[in-house]
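Participant: The structure file input.txt (compact mmCIF, C-alpha atoms) is provided below.
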```
# COMPACT_ATOMS: atom_id res chain seq x y z
CA MET A 257 7.31 5.78 -22.53
CA THR A 258 3.88 7.37 -22.75
CA ALA A 259 0.70 5.40 -23.31
CA ALA A 260 -1.40 6.59 -26.22
CA PRO A 261 -4.68 8.19 -25.11
CA SER A 262 -7.99 6.86 -26.34
CA PRO A 263 -11.62 8.07 -26.07
CA SER A 264 -12.07 5.78 -23.03
CA ARG A 265 -8.67 6.54 -21.49
CA PRO A 266 -7.61 10.18 -21.23
CA ALA A 267 -3.98 11.21 -21.43
CA LEU A 268 -2.49 10.73 -17.96
CA GLY A 269 1.04 11.92 -18.54
CA ASN A 270 4.29 10.03 -18.55
CA VAL A 271 3.96 7.90 -15.39
CA LEU A 272 2.60 4.43 -16.08
CA LEU A 273 2.64 2.75 -12.70
CA LEU A 274 3.15 3.23 -8.96
CA GLU A 275 5.72 0.45 -8.78
CA HIS A 276 6.99 0.15 -5.22
CA ILE A 277 7.02 1.61 -1.72
CA ASN A 278 9.99 1.14 0.61
CA LEU A 279 9.24 0.38 4.27
CA ASN A 280 12.08 -0.66 6.56
CA THR A 281 11.11 -3.14 9.26
CA GLN A 282 12.88 -4.79 12.16
CA HIS A 283 10.10 -7.37 12.62
CA PRO A 284 9.95 -9.47 9.43
CA GLU A 285 7.78 -12.21 10.93
CA ALA A 286 5.15 -9.67 11.99
CA ALA A 287 5.29 -7.93 8.60
CA LEU A 288 4.87 -11.22 6.74
CA THR A 289 1.93 -12.21 8.94
CA PHE A 290 0.14 -8.91 8.34
CA TYR A 291 0.82 -8.43 4.65
CA LEU A 292 0.63 -12.04 3.45
CA ARG A 293 -2.03 -13.57 5.69
CA GLY A 294 -3.94 -10.36 6.36
CA LEU A 295 -3.90 -8.29 3.18
CA GLY A 296 -3.15 -11.08 0.72
CA LEU A 297 0.07 -9.79 -0.79
CA ALA A 298 2.38 -12.42 -2.29
CA GLN A 299 6.06 -12.87 -1.48
CA ASP A 300 8.25 -12.33 -4.54
CA PRO A 301 10.64 -15.30 -4.91
CA ARG A 302 13.40 -13.07 -6.30
CA MET A 303 14.06 -11.41 -2.94
CA GLY A 304 13.56 -12.29 0.69
CA GLU A 305 13.61 -16.05 1.15
CA VAL A 306 12.50 -16.92 4.68
CA VAL A 307 14.19 -19.95 6.28
CA ASP A 308 13.58 -20.85 9.94
CA GLY A 309 12.19 -17.39 10.58
CA LYS A 310 15.26 -15.63 9.17
CA VAL A 311 15.27 -13.60 5.96
CA TYR A 312 18.10 -14.12 3.50
CA VAL A 313 19.07 -12.57 0.13
CA ASN A 314 20.27 -9.08 1.00
CA ARG A 315 18.02 -9.08 4.09
CA THR A 316 15.21 -7.56 2.05
CA MET A 317 11.67 -8.75 1.31
CA TRP A 318 9.68 -7.92 -1.80
CA LEU A 319 5.94 -8.31 -1.31
CA ASN A 320 3.74 -8.08 -4.39
CA ALA A 321 0.35 -6.33 -4.47
CA GLY A 322 -0.75 -6.80 -8.04
CA LEU A 323 1.88 -5.00 -10.11
CA SER A 324 2.93 -2.84 -7.17
CA GLN A 325 5.39 -3.95 -4.49
CA LEU A 326 6.43 -3.26 -0.95
CA HIS A 327 10.21 -3.37 -0.56
CA MET A 328 10.98 -4.15 3.07
CA PRO A 329 14.67 -4.04 4.10
CA ILE A 330 15.09 -5.87 7.39
CA THR A 331 17.84 -3.54 8.64
CA THR A 332 18.79 0.03 7.89
CA ARG A 333 20.51 0.94 4.62
CA GLY A 334 22.88 3.26 6.44
CA ALA A 335 23.87 3.89 10.03
CA SER A 336 21.35 6.68 10.59
CA GLY A 337 18.32 5.16 8.84
CA PRO A 338 15.19 4.13 10.78
CA ARG A 339 14.64 0.47 11.55
CA ASP A 340 10.87 0.83 11.20
CA ASN A 341 9.57 3.25 8.57
CA VAL A 342 6.19 4.80 9.31
CA LEU A 343 4.84 6.49 6.21
CA ARG A 344 3.59 10.03 6.79
CA GLY A 345 0.24 9.38 5.16
CA THR A 346 -1.88 6.52 3.85
CA ILE A 347 -1.35 3.56 1.52
CA HIS A 348 -4.49 2.61 -0.44
CA VAL A 349 -5.04 -1.04 -1.34
CA ASP A 350 -7.70 -2.51 -3.64
CA VAL A 351 -9.18 -5.89 -2.66
CA PRO A 352 -11.72 -8.11 -4.45
CA SER A 353 -13.89 -8.48 -1.32
CA LEU A 354 -14.08 -6.27 1.77
CA SER A 355 -15.88 -8.96 3.74
CA LYS A 356 -13.12 -11.46 3.04
CA ALA A 357 -10.47 -8.84 3.84
CA ARG A 358 -12.17 -8.24 7.17
CA ALA A 359 -12.25 -11.98 7.89
CA ARG A 360 -8.55 -12.28 7.03
CA LEU A 361 -7.69 -9.42 9.40
CA GLU A 362 -9.94 -10.73 12.16
CA ALA A 363 -8.14 -14.06 11.94
CA LEU A 364 -4.93 -12.23 12.90
CA VAL A 365 -6.32 -10.87 16.17
CA GLY A 366 -4.36 -12.58 18.92
CA ALA A 367 -1.70 -13.96 16.57
CA ALA A 368 1.57 -14.48 18.42
CA GLU A 369 3.57 -12.86 15.60
CA LEU A 370 1.64 -9.60 16.08
CA SER A 371 1.75 -9.47 19.87
CA GLY A 372 3.05 -6.11 21.10
CA THR A 373 2.92 -4.49 17.64
CA CYS A 374 0.76 -1.63 16.33
CA PHE A 375 -1.56 -3.97 14.40
CA SER A 376 -5.25 -3.06 14.43
CA TYR A 377 -8.11 -2.63 11.99
CA GLN A 378 -11.54 -1.03 11.80
CA ALA A 379 -14.31 -1.51 9.22
CA PHE A 380 -16.60 1.27 7.97
CA ASP A 381 -19.82 0.79 6.02
CA ASP A 382 -21.01 2.87 3.07
CA MET A 383 -23.06 5.12 5.34
CA HIS A 384 -19.83 6.39 6.96
CA VAL A 385 -20.66 4.55 10.20
CA PRO A 386 -17.88 2.48 11.76
CA ALA A 387 -18.70 -1.17 12.28
CA ALA A 388 -17.02 -0.93 15.70
CA GLN A 389 -18.03 1.54 18.39
CA ASP A 390 -14.83 3.58 18.42
CA GLN A 391 -14.91 6.59 16.11
CA ASP A 392 -12.03 7.27 13.73
CA GLN A 393 -12.90 10.72 12.42
CA GLU A 394 -10.18 10.73 9.74
CA ALA A 395 -11.35 7.37 8.38
CA ASN A 396 -14.99 8.41 8.76
CA GLU A 397 -14.43 11.20 6.25
CA GLU A 398 -13.00 8.91 3.57
CA GLY A 399 -16.42 7.93 2.19
CA ARG A 400 -17.51 4.62 0.70
CA ALA A 401 -17.22 1.31 2.50
CA HIS A 402 -13.63 0.63 3.51
CA ILE A 403 -11.33 -0.84 6.14
CA VAL A 404 -8.61 1.09 7.91
CA ALA A 405 -5.75 -1.22 8.91
CA ILE A 406 -2.60 -0.38 10.84
CA ASP A 407 0.42 -2.57 10.09
CA PRO A 408 2.80 -3.85 12.81
CA SER A 409 5.06 -0.79 12.48
CA GLY A 410 2.21 1.74 12.55
CA ASN A 411 1.67 2.38 8.83
CA ARG A 412 -1.91 3.29 7.89
CA LEU A 413 -3.62 1.49 5.01
CA VAL A 414 -7.12 1.93 3.59
CA LEU A 415 -8.71 -1.06 1.84
CA ARG A 416 -11.52 -0.64 -0.68
CA GLU A 417 -13.35 -3.20 -2.77
CA ARG A 418 -13.05 -3.30 -6.56
CA PRO A 419 -14.08 -6.00 -9.06
CA ALA A 420 -11.49 -8.72 -9.58
CA SER A 421 -11.63 -7.83 -13.28
CA SER A 422 -10.02 -4.46 -12.49
CA ARG A 423 -6.66 -6.14 -11.78
CA ASP A 424 -3.90 -4.57 -13.90
CA GLU A 425 -2.77 -7.36 -16.24
CA ARG A 426 -0.19 -5.52 -18.32
CA CYS A 427 2.46 -7.83 -16.87
CA TYR A 428 3.13 -10.05 -13.86
CA HIS A 429 5.72 -10.54 -11.14
CA PRO A 430 7.23 -14.02 -10.69
CA GLY A 431 5.66 -16.29 -8.11
CA PRO A 432 2.06 -16.63 -6.96
CA LEU A 433 -0.58 -14.02 -7.79
CA SER A 434 -1.49 -11.76 -4.89
CA TRP A 435 -5.04 -11.94 -3.53
CA CYS A 436 -5.21 -8.15 -3.25
CA LEU A 437 -5.50 -6.34 -6.56
CA GLY A 438 -2.98 -3.54 -6.23
CA VAL A 439 -1.99 -0.19 -4.74
CA PRO A 440 -3.90 2.54 -6.61
CA ALA A 441 -2.65 5.49 -4.57
CA VAL A 442 -0.41 6.69 -1.78
CA GLU A 443 -1.19 9.86 0.17
CA PHE A 444 1.50 11.90 1.90
CA THR A 445 0.91 14.59 4.50
CA CYS A 446 3.04 17.54 3.35
CA PRO A 447 3.77 21.00 4.75
CA GLN A 448 1.15 23.68 4.17
CA GLY A 449 1.71 25.68 1.02
CA SER A 450 3.74 22.96 -0.75
CA SER A 451 1.07 21.57 -3.11
CA GLU A 452 1.88 23.89 -6.03
CA GLY A 453 5.60 23.11 -5.77
CA ILE A 454 4.90 19.36 -5.68
CA LYS A 455 2.74 19.65 -8.79
CA ASN A 456 5.45 21.63 -10.60
CA PHE A 457 8.16 19.13 -9.62
CA TYR A 458 6.34 16.13 -11.08
CA GLU A 459 5.27 18.02 -14.19
CA HIS A 460 8.78 19.30 -14.87
CA TYR A 461 10.94 16.28 -14.03
CA PHE A 462 8.58 13.39 -14.81
CA ASN A 463 6.29 14.95 -17.42
CA ALA A 464 3.47 13.68 -15.21
CA ALA A 465 -0.15 14.73 -15.29
CA ALA A 466 -0.42 16.68 -12.05
CA SER A 467 -2.71 19.25 -10.48
CA ALA A 468 -2.99 21.30 -7.32
CA ALA A 469 -6.21 22.56 -5.74
CA ASN A 470 -7.44 23.31 -2.24
CA GLY A 471 -4.05 22.50 -0.75
CA VAL A 472 -3.86 19.04 -2.34
CA ALA A 473 -1.40 18.02 -5.07
CA THR A 474 -2.45 15.07 -7.24
CA VAL A 475 -0.06 13.14 -9.49
CA CYS A 476 -1.70 10.66 -11.86
CA THR A 477 -0.47 7.35 -13.24
CA GLU A 478 -1.99 5.48 -16.17
CA ARG A 479 -3.55 2.89 -13.84
```
Let me see the structure of the file written as structure tokens.
Facilitator:
Amino acid sequence: MTAAPSPSRPALGNVLLLEHINLNTQHPEAALTFYLRGLGLAQDPRMGEVVDGKVYVNRTMWLNAGLSQLHMPITTRGASGPRDNVLRGTIHVDVPSLSKARARLEALVGAAELSGTCFSYQAFDDMHVPAAQDQDQEANEEGRAHIVAIDPSGNRLVLRERPASSRDERCYHPGPLSWCLGVPAVEFTCPQGSSEGIKNFYEHYFNAAASAANGVATVCTER
């Protein structure tokens, strides 16, 4: 299905939505603490009921971020699969308030569920100066006020503020509405020289709007 272009919405190819990201975890309590209490995702009632600290229903959690989801199997889906997935790149998350996101993350500092995990966060203002003293050069180059958060397994997320009215309301997942607005983009670090091939793959097999320039391949969705 392809959305019809309009003067205010250019044609963006055949991909309508970045629907879900799969991240295996062996620490469901830590993941729930970070993603629900910290980032404001909502647990989807269709998968991953938590009872007495144990996850049931196929041992998988679905966590909703607007229309996007994180699928979090609690064990491997195969004998050789990793127990904790660490994405080779960055997950971008839109939030309605950076100051509230920072307060939510600060409230997790010292939480027992996150003890001994990779959890951390750092806030950057719109002048590219970190709010803390430690420099994060990669984050410092991202521009615009944002927060870099590391989840319990070591996944890197960048939070940026957008108006609450920007929430994608084409449909809804069951259960409560997430506080965060959605996942607008995921970046992957890929081998040098692969950007043109990535662009061609998504154009050919998905009829996606894609481009490649300066060693970066970009694949667009409608939202």
Participant: Please check which residues have atoms at most 10 Å from (-9.2, -5.7, 7.3) in the file's coordinates, counting only C-alpha atoms, and write them as an MDAnalysis selection string.
Facilitator: chainID A and resid 290 294:295 351 354:364 376:379 402:406 413:416
Participant: Write out as a list in words each polymer residue whose atoms come within 10 Å of Ala466 of chain A, counting only C-alpha atoms; drop sequence neighbours fewer than 6 positions from it.
Facilitator: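 My reading of the contact set: Leu268, Gly269, Glu452, Ile454, Lys455, Asn456, Phe457, Tyr458, Glu459, His460, Ala473, Thr474, Val475, Cys476 and Thr477 of chain A.
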Participant: Would you kindly return, as a VMD selection string, each protein, DNA or RNA residue with an atom no farther than 12 Å from any atom of Gly372 of chain A, considering only C-alpha atoms and excluding same-chain residues fewer than 5 positions away?
Facilitator: chain A and resid 283 286 365 to 367 407 to 410
Participant: Can I get the selected residues back with C-alpha atoms, as a CSV table (one decimal), keeping the file's coordinate frame?
Facilitator:
```csv
chain,number,residue,atom,x,y,z
A,283,HIS,CA,10.1,-7.4,12.6
A,286,ALA,CA,5.2,-9.7,12.0
A,365,VAL,CA,-6.3,-10.9,16.2
A,366,GLY,CA,-4.4,-12.6,18.9
A,367,ALA,CA,-1.7,-14.0,16.6
A,407,ASP,CA,0.4,-2.6,10.1
A,408,PRO,CA,2.8,-3.8,12.8
A,409,SER,CA,5.1,-0.8,12.5
A,410,GLY,CA,2.2,1.7,12.6
```
Participant: Provide the atom CA of Gly431 of chain A to atom CA of Asn320 of chain A distance in Å, to one decimal place.
Facilitator: 9.2 Å
Participant: List the spatial neighbours of Met317 of chain A as a list of chain:residue names - criterion: any atom at most 6 Å away, all atoms listed in the file, same-chain residues fewer than 3 positions off excluded.
Facilitator: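 The filter keeps A:Met303, A:Gly304, A:His327, A:Met328.
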Participant: Taking all atoms of segment 412-421 of chain A that the file lists and extending 8 Å past them on each side, where is the centre of the axis-aligned box and how long are its edges? Answer in Å to one decimal, as JSON.
Facilitator:
```
{"center_x": -8.0, "center_y": -2.7, "center_z": -2.7, "size_x": 28.2, "size_y": 28.0, "size_z": 37.2}
```
Participant: Out of A:Ser422, A:Ile347, A:Ala368, A:Asn463, which residue has the shortest atom-to-atom distance to Thr445 of chain A when counting only C-alpha atoms?
Facilitator: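 Of A:Ser422, A:Ile347, A:Ala368, A:Asn463, the one nearest Thr445 of chain A, counting only C-alpha atoms, is A:Ile347.
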Participant: Taking only C-alpha atoms into account, which of A:Ser467, A:Arg423, A:Ser353, A:Pro329 comes nearest Ala401 of chain A?
Facilitator: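 Once distances to Ala401 of chain A are computed over only C-alpha atoms, the minimum belongs to A:Ser353.
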Participant: In Å to one decimal, how far is atom CA of Ala287 of chain A from atom CA of Asp350 of chain A?
Facilitator: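 Atom-to-atom, atom CA of Asp350 of chain A and atom CA of Ala287 of chain A are spaced 18.7 Å apart.
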Participant: Which value, in Å to one decimal, gives the distance between atom CA of Pro352 of chain A and atom CA of Leu297 of chain A?
Facilitator: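 It comes out at 12.5 Å.
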Participant: Calculated over only C-alpha atoms, which of the candidates A:Val349, A:Ala464, A:Leu326, A:Arg339 has the smallest distance to Cys436 of chain A?
Facilitator: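 Residue with the minimum atom-to-atom distance to Cys436 of chain A: A:Val349.
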Participant: For the point (0.6, -10.8, -5.0) in file coordinates, what residues are within 7 Å, counting all atoms listed in the file? Give the answer as a ChimeraX atom specification?
Facilitator: /A:296-299,319-322,432-436
Participant: Considering only C-alpha atoms, state which residue in the set A:Gln448, A:Asn341, A:Thr316, A:Thr289 is at the smallest distance from Asn411 of chain A.
Facilitator: A:Asn341
